[in-house]
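File shown here: query-v2.txt, holding compact mmCIF, N, CA and C atoms.
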```txt
# COMPACT_ATOMS: atom_id res chain seq x y z
N MET A 227 -57.46 16.53 28.06
CA MET A 227 -57.29 17.53 29.10
C MET A 227 -56.89 18.83 28.42
N LYS A 228 -57.35 19.90 29.01
CA LYS A 228 -57.04 21.21 28.44
C LYS A 228 -56.38 22.08 29.51
N GLY A 229 -55.56 22.99 29.04
CA GLY A 229 -54.88 23.93 29.92
C GLY A 229 -54.73 25.26 29.22
N ARG A 230 -53.79 26.06 29.71
CA ARG A 230 -53.59 27.39 29.14
C ARG A 230 -52.12 27.79 29.22
N VAL A 231 -51.77 28.77 28.42
CA VAL A 231 -50.46 29.39 28.49
C VAL A 231 -50.65 30.72 29.20
N ASP A 232 -49.89 30.95 30.27
CA ASP A 232 -50.07 32.19 31.03
C ASP A 232 -49.31 33.35 30.39
N SER A 233 -49.35 34.50 31.02
CA SER A 233 -48.78 35.72 30.46
C SER A 233 -47.26 35.69 30.34
N VAL A 234 -46.59 34.76 31.03
CA VAL A 234 -45.13 34.65 30.92
C VAL A 234 -44.71 33.41 30.14
N GLY A 235 -45.67 32.74 29.48
CA GLY A 235 -45.35 31.62 28.60
C GLY A 235 -45.32 30.25 29.23
N ARG A 236 -45.79 30.11 30.47
CA ARG A 236 -45.81 28.79 31.11
C ARG A 236 -47.04 28.01 30.65
N ALA A 237 -46.84 26.75 30.27
CA ALA A 237 -47.95 25.86 29.91
C ALA A 237 -48.48 25.26 31.21
N LEU A 238 -49.74 25.55 31.53
CA LEU A 238 -50.33 25.16 32.80
C LEU A 238 -51.57 24.30 32.60
N MET A 239 -51.78 23.36 33.51
CA MET A 239 -52.99 22.52 33.52
C MET A 239 -53.42 22.35 34.97
N GLN A 240 -54.66 22.03 35.17
CA GLN A 240 -55.15 21.73 36.51
C GLN A 240 -55.39 20.23 36.62
N ILE A 241 -54.90 19.63 37.72
CA ILE A 241 -55.11 18.21 37.95
C ILE A 241 -55.73 18.00 39.33
N ALA A 242 -56.52 16.93 39.44
CA ALA A 242 -57.10 16.53 40.73
C ALA A 242 -56.13 15.57 41.39
N VAL A 243 -55.75 15.87 42.63
CA VAL A 243 -54.77 15.08 43.38
C VAL A 243 -55.43 14.58 44.65
N ARG A 244 -55.13 13.31 45.03
CA ARG A 244 -55.70 12.74 46.24
C ARG A 244 -54.64 12.00 47.06
N HIS A 245 -54.86 12.03 48.37
CA HIS A 245 -54.04 11.23 49.28
C HIS A 245 -54.34 9.76 48.95
N PRO A 246 -53.33 8.89 48.91
CA PRO A 246 -53.55 7.50 48.49
C PRO A 246 -54.44 6.66 49.40
N THR A 247 -54.55 7.03 50.68
CA THR A 247 -55.38 6.22 51.57
C THR A 247 -56.53 7.01 52.20
N SER A 248 -56.29 8.24 52.61
CA SER A 248 -57.34 9.01 53.29
C SER A 248 -58.37 9.58 52.32
N GLY A 249 -57.98 9.76 51.07
CA GLY A 249 -58.90 10.33 50.09
C GLY A 249 -58.95 11.85 50.11
N ALA A 250 -58.19 12.50 51.01
CA ALA A 250 -58.14 13.97 51.02
C ALA A 250 -57.77 14.43 49.62
N ALA A 251 -58.48 15.46 49.13
CA ALA A 251 -58.31 15.86 47.73
C ALA A 251 -57.99 17.35 47.59
N ALA A 252 -57.36 17.66 46.46
CA ALA A 252 -57.04 19.05 46.12
C ALA A 252 -56.94 19.17 44.61
N LYS A 253 -57.02 20.38 44.12
CA LYS A 253 -56.76 20.67 42.70
C LYS A 253 -55.47 21.46 42.66
N TRP A 254 -54.54 20.99 41.85
CA TRP A 254 -53.26 21.68 41.69
C TRP A 254 -53.16 22.21 40.27
N THR A 255 -52.73 23.45 40.12
CA THR A 255 -52.37 23.98 38.81
C THR A 255 -50.90 23.68 38.63
N VAL A 256 -50.59 22.84 37.63
CA VAL A 256 -49.21 22.37 37.42
C VAL A 256 -48.61 23.01 36.18
N TRP A 257 -47.31 23.23 36.23
CA TRP A 257 -46.54 23.78 35.12
C TRP A 257 -45.95 22.58 34.39
N ILE A 258 -46.22 22.46 33.11
CA ILE A 258 -45.70 21.35 32.32
C ILE A 258 -44.22 21.59 32.08
N ASP A 259 -43.39 20.63 32.52
CA ASP A 259 -41.94 20.77 32.45
C ASP A 259 -41.36 19.57 31.70
N THR A 260 -41.10 19.75 30.41
CA THR A 260 -40.57 18.65 29.60
C THR A 260 -39.09 18.39 29.87
N GLY A 261 -38.48 19.18 30.73
CA GLY A 261 -37.10 18.93 31.14
C GLY A 261 -37.01 18.05 32.38
N PHE A 262 -38.17 17.72 32.97
CA PHE A 262 -38.23 16.87 34.17
C PHE A 262 -38.70 15.48 33.75
N SER A 263 -37.90 14.46 33.99
CA SER A 263 -38.23 13.11 33.52
C SER A 263 -39.17 12.36 34.46
N GLY A 264 -39.41 12.87 35.65
CA GLY A 264 -40.30 12.20 36.60
C GLY A 264 -41.76 12.54 36.35
N GLU A 265 -42.60 12.28 37.35
CA GLU A 265 -44.04 12.49 37.20
C GLU A 265 -44.48 13.85 37.75
N LEU A 266 -44.33 14.06 39.05
CA LEU A 266 -44.74 15.33 39.67
C LEU A 266 -43.67 15.84 40.62
N VAL A 267 -43.51 17.14 40.65
CA VAL A 267 -42.73 17.83 41.67
C VAL A 267 -43.72 18.78 42.34
N ALA A 268 -43.71 18.84 43.68
CA ALA A 268 -44.64 19.73 44.37
C ALA A 268 -43.95 20.45 45.51
N PRO A 269 -44.36 21.71 45.73
CA PRO A 269 -43.85 22.43 46.89
C PRO A 269 -44.25 21.71 48.18
N MET A 270 -43.40 21.75 49.16
CA MET A 270 -43.66 21.09 50.43
C MET A 270 -44.98 21.55 51.04
N SER A 271 -45.35 22.80 50.84
CA SER A 271 -46.61 23.31 51.41
C SER A 271 -47.82 22.55 50.86
N LEU A 272 -47.83 22.21 49.57
CA LEU A 272 -48.93 21.44 48.98
C LEU A 272 -48.92 20.00 49.46
N ILE A 273 -47.74 19.43 49.59
CA ILE A 273 -47.60 18.06 50.09
C ILE A 273 -48.16 17.98 51.51
N GLN A 274 -47.83 18.96 52.34
CA GLN A 274 -48.31 18.97 53.73
C GLN A 274 -49.82 19.20 53.79
N GLN A 275 -50.36 20.09 52.94
CA GLN A 275 -51.80 20.35 52.93
C GLN A 275 -52.58 19.08 52.63
N LEU A 276 -52.04 18.22 51.77
CA LEU A 276 -52.72 16.99 51.41
C LEU A 276 -52.45 15.87 52.42
N GLY A 277 -51.46 16.09 53.29
CA GLY A 277 -51.14 15.10 54.32
C GLY A 277 -50.36 13.91 53.81
N LEU A 278 -49.61 14.09 52.71
CA LEU A 278 -48.82 12.99 52.16
C LEU A 278 -47.66 12.67 53.10
N GLU A 279 -47.32 11.39 53.18
CA GLU A 279 -46.23 10.94 54.04
C GLU A 279 -45.04 10.53 53.20
N SER A 280 -43.85 10.87 53.66
CA SER A 280 -42.63 10.55 52.93
C SER A 280 -42.49 9.04 52.79
N GLU A 281 -42.21 8.60 51.57
CA GLU A 281 -42.03 7.17 51.29
C GLU A 281 -40.57 6.77 51.34
N SER A 282 -39.72 7.66 50.84
CA SER A 282 -38.29 7.37 50.81
C SER A 282 -37.53 8.64 50.46
N THR A 283 -36.22 8.52 50.46
CA THR A 283 -35.33 9.61 50.05
C THR A 283 -34.47 9.10 48.91
N ALA A 284 -34.26 9.96 47.94
CA ALA A 284 -33.39 9.62 46.80
C ALA A 284 -32.43 10.79 46.61
N TYR A 285 -31.56 10.67 45.63
CA TYR A 285 -30.62 11.75 45.34
C TYR A 285 -30.82 12.19 43.90
N ALA A 286 -30.81 13.49 43.70
CA ALA A 286 -30.98 14.06 42.36
C ALA A 286 -29.76 14.91 42.05
N ARG A 287 -29.38 14.90 40.77
CA ARG A 287 -28.27 15.74 40.33
C ARG A 287 -28.86 16.97 39.67
N LEU A 288 -28.54 18.13 40.21
CA LEU A 288 -29.02 19.39 39.66
C LEU A 288 -28.26 19.77 38.41
N ALA A 289 -28.76 20.74 37.67
CA ALA A 289 -28.10 21.21 36.45
C ALA A 289 -26.68 21.70 36.74
N THR A 290 -26.44 22.16 37.97
CA THR A 290 -25.11 22.64 38.37
C THR A 290 -24.14 21.50 38.64
N GLY A 291 -24.66 20.25 38.66
CA GLY A 291 -23.83 19.08 38.93
C GLY A 291 -23.84 18.66 40.38
N ILE A 292 -24.43 19.47 41.24
CA ILE A 292 -24.51 19.14 42.65
C ILE A 292 -25.57 18.06 42.88
N GLN A 293 -25.25 17.10 43.75
CA GLN A 293 -26.19 16.04 44.08
C GLN A 293 -26.85 16.40 45.41
N VAL A 294 -28.19 16.35 45.44
CA VAL A 294 -28.94 16.74 46.63
C VAL A 294 -29.95 15.64 47.00
N PRO A 295 -30.22 15.47 48.32
CA PRO A 295 -31.26 14.51 48.72
C PRO A 295 -32.65 15.09 48.46
N ILE A 296 -33.58 14.24 48.04
CA ILE A 296 -34.97 14.66 47.83
C ILE A 296 -35.90 13.65 48.47
N ASP A 297 -36.98 14.15 49.05
CA ASP A 297 -37.98 13.27 49.65
C ASP A 297 -39.01 12.90 48.60
N LEU A 298 -39.43 11.63 48.62
CA LEU A 298 -40.40 11.12 47.66
C LEU A 298 -41.69 10.75 48.37
N TYR A 299 -42.80 11.06 47.71
CA TYR A 299 -44.14 10.82 48.25
C TYR A 299 -44.96 10.11 47.18
N ARG A 300 -46.15 9.64 47.53
CA ARG A 300 -47.08 9.03 46.57
C ARG A 300 -48.42 9.70 46.72
N CYS A 301 -49.11 9.86 45.59
CA CYS A 301 -50.49 10.34 45.60
C CYS A 301 -51.22 9.70 44.44
N LYS A 302 -52.50 9.95 44.36
CA LYS A 302 -53.31 9.50 43.22
C LYS A 302 -53.78 10.74 42.47
N ILE A 303 -53.87 10.61 41.14
CA ILE A 303 -54.39 11.70 40.33
C ILE A 303 -55.43 11.16 39.36
N ASP A 304 -56.34 12.04 38.95
CA ASP A 304 -57.25 11.70 37.86
C ASP A 304 -56.49 12.01 36.58
N TRP A 305 -56.35 10.99 35.72
CA TRP A 305 -55.52 11.14 34.53
C TRP A 305 -56.33 10.71 33.32
N LEU A 306 -55.79 10.94 32.15
CA LEU A 306 -56.46 10.60 30.89
C LEU A 306 -56.91 9.14 30.85
N THR A 307 -56.09 8.27 31.39
CA THR A 307 -56.38 6.84 31.34
C THR A 307 -57.08 6.35 32.60
N GLY A 308 -57.54 7.26 33.46
CA GLY A 308 -58.20 6.91 34.71
C GLY A 308 -57.35 7.29 35.90
N GLU A 309 -57.73 6.79 37.06
CA GLU A 309 -56.96 7.09 38.27
C GLU A 309 -55.57 6.51 38.16
N ARG A 310 -54.58 7.27 38.60
CA ARG A 310 -53.20 6.83 38.47
C ARG A 310 -52.44 7.13 39.76
N ASP A 311 -51.65 6.16 40.21
CA ASP A 311 -50.77 6.31 41.36
C ASP A 311 -49.47 6.91 40.86
N VAL A 312 -49.03 8.04 41.45
CA VAL A 312 -47.82 8.70 40.95
C VAL A 312 -46.86 9.05 42.08
N GLU A 313 -45.60 9.19 41.70
CA GLU A 313 -44.56 9.60 42.63
C GLU A 313 -44.48 11.12 42.62
N VAL A 314 -44.36 11.70 43.80
CA VAL A 314 -44.24 13.15 43.95
C VAL A 314 -42.89 13.45 44.60
N VAL A 315 -42.12 14.33 43.97
CA VAL A 315 -40.84 14.78 44.50
C VAL A 315 -41.09 16.11 45.20
N SER A 316 -40.60 16.26 46.42
CA SER A 316 -40.78 17.52 47.13
C SER A 316 -39.79 18.56 46.62
N SER A 317 -40.22 19.83 46.69
CA SER A 317 -39.33 20.91 46.24
C SER A 317 -39.52 22.15 47.11
N ASP A 318 -38.60 23.07 46.96
CA ASP A 318 -38.70 24.37 47.62
C ASP A 318 -39.36 25.39 46.71
N GLY A 319 -39.79 24.96 45.54
CA GLY A 319 -40.39 25.87 44.56
C GLY A 319 -41.77 26.35 44.98
N GLN A 320 -42.37 27.15 44.11
CA GLN A 320 -43.69 27.72 44.37
C GLN A 320 -44.79 27.06 43.57
N VAL A 321 -44.43 26.42 42.44
CA VAL A 321 -45.41 25.87 41.51
C VAL A 321 -45.13 24.38 41.31
N PRO A 322 -46.16 23.52 41.38
CA PRO A 322 -45.94 22.11 41.07
C PRO A 322 -45.61 21.92 39.59
N LEU A 323 -44.77 20.93 39.31
CA LEU A 323 -44.36 20.64 37.94
C LEU A 323 -44.86 19.27 37.53
N LEU A 324 -45.34 19.17 36.30
CA LEU A 324 -45.77 17.90 35.71
C LEU A 324 -44.72 17.50 34.69
N GLY A 325 -44.14 16.32 34.87
CA GLY A 325 -43.03 15.90 34.03
C GLY A 325 -43.37 14.89 32.96
N VAL A 326 -42.35 14.52 32.22
CA VAL A 326 -42.45 13.61 31.09
C VAL A 326 -42.96 12.22 31.51
N GLY A 327 -42.73 11.84 32.76
CA GLY A 327 -43.22 10.56 33.24
C GLY A 327 -44.73 10.42 33.11
N LEU A 328 -45.45 11.55 33.12
CA LEU A 328 -46.90 11.52 32.91
C LEU A 328 -47.28 11.82 31.47
N LEU A 329 -46.38 12.44 30.71
CA LEU A 329 -46.69 12.80 29.33
C LEU A 329 -46.43 11.67 28.34
N TYR A 330 -45.55 10.75 28.73
CA TYR A 330 -45.18 9.65 27.86
C TYR A 330 -46.43 8.92 27.37
N ARG A 331 -46.48 8.62 26.10
CA ARG A 331 -47.61 7.95 25.43
C ARG A 331 -48.81 8.85 25.19
N HIS A 332 -48.65 10.14 25.37
CA HIS A 332 -49.73 11.08 25.11
C HIS A 332 -49.25 12.16 24.15
N LYS A 333 -50.18 12.86 23.55
CA LYS A 333 -49.84 13.94 22.63
C LYS A 333 -50.09 15.27 23.33
N LEU A 334 -49.01 16.04 23.50
CA LEU A 334 -49.08 17.37 24.12
C LEU A 334 -48.98 18.42 23.02
N THR A 335 -49.96 19.33 22.98
CA THR A 335 -49.93 20.42 22.02
C THR A 335 -50.00 21.73 22.79
N ILE A 336 -49.01 22.58 22.57
CA ILE A 336 -48.99 23.91 23.18
C ILE A 336 -49.06 24.91 22.04
N ASN A 337 -50.13 25.69 22.01
CA ASN A 337 -50.33 26.70 20.98
C ASN A 337 -50.13 28.06 21.64
N TYR A 338 -48.92 28.61 21.49
CA TYR A 338 -48.60 29.86 22.17
C TYR A 338 -49.42 31.05 21.67
N PRO A 339 -49.62 31.21 20.35
CA PRO A 339 -50.45 32.35 19.93
C PRO A 339 -51.88 32.30 20.48
N ALA A 340 -52.45 31.09 20.54
CA ALA A 340 -53.82 30.95 21.04
C ALA A 340 -53.86 30.80 22.56
N LYS A 341 -52.67 30.62 23.19
CA LYS A 341 -52.54 30.44 24.64
C LYS A 341 -53.31 29.22 25.15
N THR A 342 -53.27 28.12 24.36
CA THR A 342 -53.97 26.89 24.74
C THR A 342 -52.98 25.72 24.90
N VAL A 343 -53.39 24.78 25.74
CA VAL A 343 -52.63 23.54 25.98
C VAL A 343 -53.64 22.40 25.88
N THR A 344 -53.29 21.36 25.11
CA THR A 344 -54.14 20.19 24.98
C THR A 344 -53.30 18.95 25.17
N LEU A 345 -53.80 18.03 25.97
CA LEU A 345 -53.14 16.77 26.20
C LEU A 345 -54.12 15.66 25.91
N LYS A 346 -53.76 14.77 24.96
CA LYS A 346 -54.63 13.66 24.55
C LYS A 346 -53.91 12.35 24.73
```
How does the structure come out when it is put into structure tokens?
Amino acid sequence: MKGRVDSVGRALMQIAVRHPTSGAAAKWTVWIDTGFSGELVAPMSLIQQLGLESESTAYARLATGIQVPIDLYRCKIDWLTGERDVEVVSSDGQVPLLGVGLLYRHKLTINYPAKTVTLK
């Protein structure tokens, strides 16, 4: 998979995302976040556009130490190893984040001078 580094230094990739049962599909440009140990974080607007349904609620501890409830969803993505079922955490952010849960067992190369991202 290939991506790019944008003008402010964010490593970005595009992924194909699908509703797990209806097959509704979208392409999301995700920001690679190696500080996030989960799979995907997505703004509620993208979750609603795809029609994902809340699976459960969990609690996350923010960097400030505050514990907050988060809604969890499921979707399917096209991934290096084929179709993959992944957990999506809802957020109030503007950009979906791709975390270490999807990067594990793969080689991520970010070349800032060339503004390229490669995931193998």
**Report entry** All residues 6 Å or closer to A:Arg244, only N, CA and C atoms, same chain fewer than 6 positions away omitted, as a list in words
**Finding:** Ala250, Ala251, Ala252, Cys301, Lys302 and Ile303 of chain A
Taking N, CA and C atoms for each residue, export the selection above as a tab-separated table (two decimals), in the coordinates of the input.
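And here is the file that came out, result.tsv:
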```
chain	number	residue	atom	x	y	z
A	250	ALA	N	-58.19	12.50	51.01
A	250	ALA	CA	-58.14	13.97	51.02
A	250	ALA	C	-57.77	14.43	49.62
A	251	ALA	N	-58.48	15.46	49.13
A	251	ALA	CA	-58.31	15.86	47.73
A	251	ALA	C	-57.99	17.35	47.59
A	252	ALA	N	-57.36	17.66	46.46
A	252	ALA	CA	-57.04	19.05	46.12
A	252	ALA	C	-56.94	19.17	44.61
A	301	CYS	N	-49.11	9.86	45.59
A	301	CYS	CA	-50.49	10.34	45.60
A	301	CYS	C	-51.22	9.70	44.44
A	302	LYS	N	-52.50	9.95	44.36
A	302	LYS	CA	-53.31	9.50	43.22
A	302	LYS	C	-53.78	10.74	42.47
A	303	ILE	N	-53.87	10.61	41.14
A	303	ILE	CA	-54.39	11.70	40.33
A	303	ILE	C	-55.43	11.16	39.36
```
Report task. Based on DSSP run over this structure's backbone, return all residues of stretch 256-335 of chain A in helix (DSSP H, G or I), as a ChimeraX atom specification. Result -> /A:270-276,326-329
Requested in this report: Do a neighbour search on stretch 316-325 of chain A at 12 Å with only C-alpha atoms, toss out local chain neighbours closer than 4 positions, and write the hits as a ChimeraX atom specification.
Outcome: /A:236-241,243,253-274,278-286,294-300,303,305,312,329-330,334
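Going from atom CA of A:Leu276 to atom CA of A:Gly249 covers 9.2 Å.
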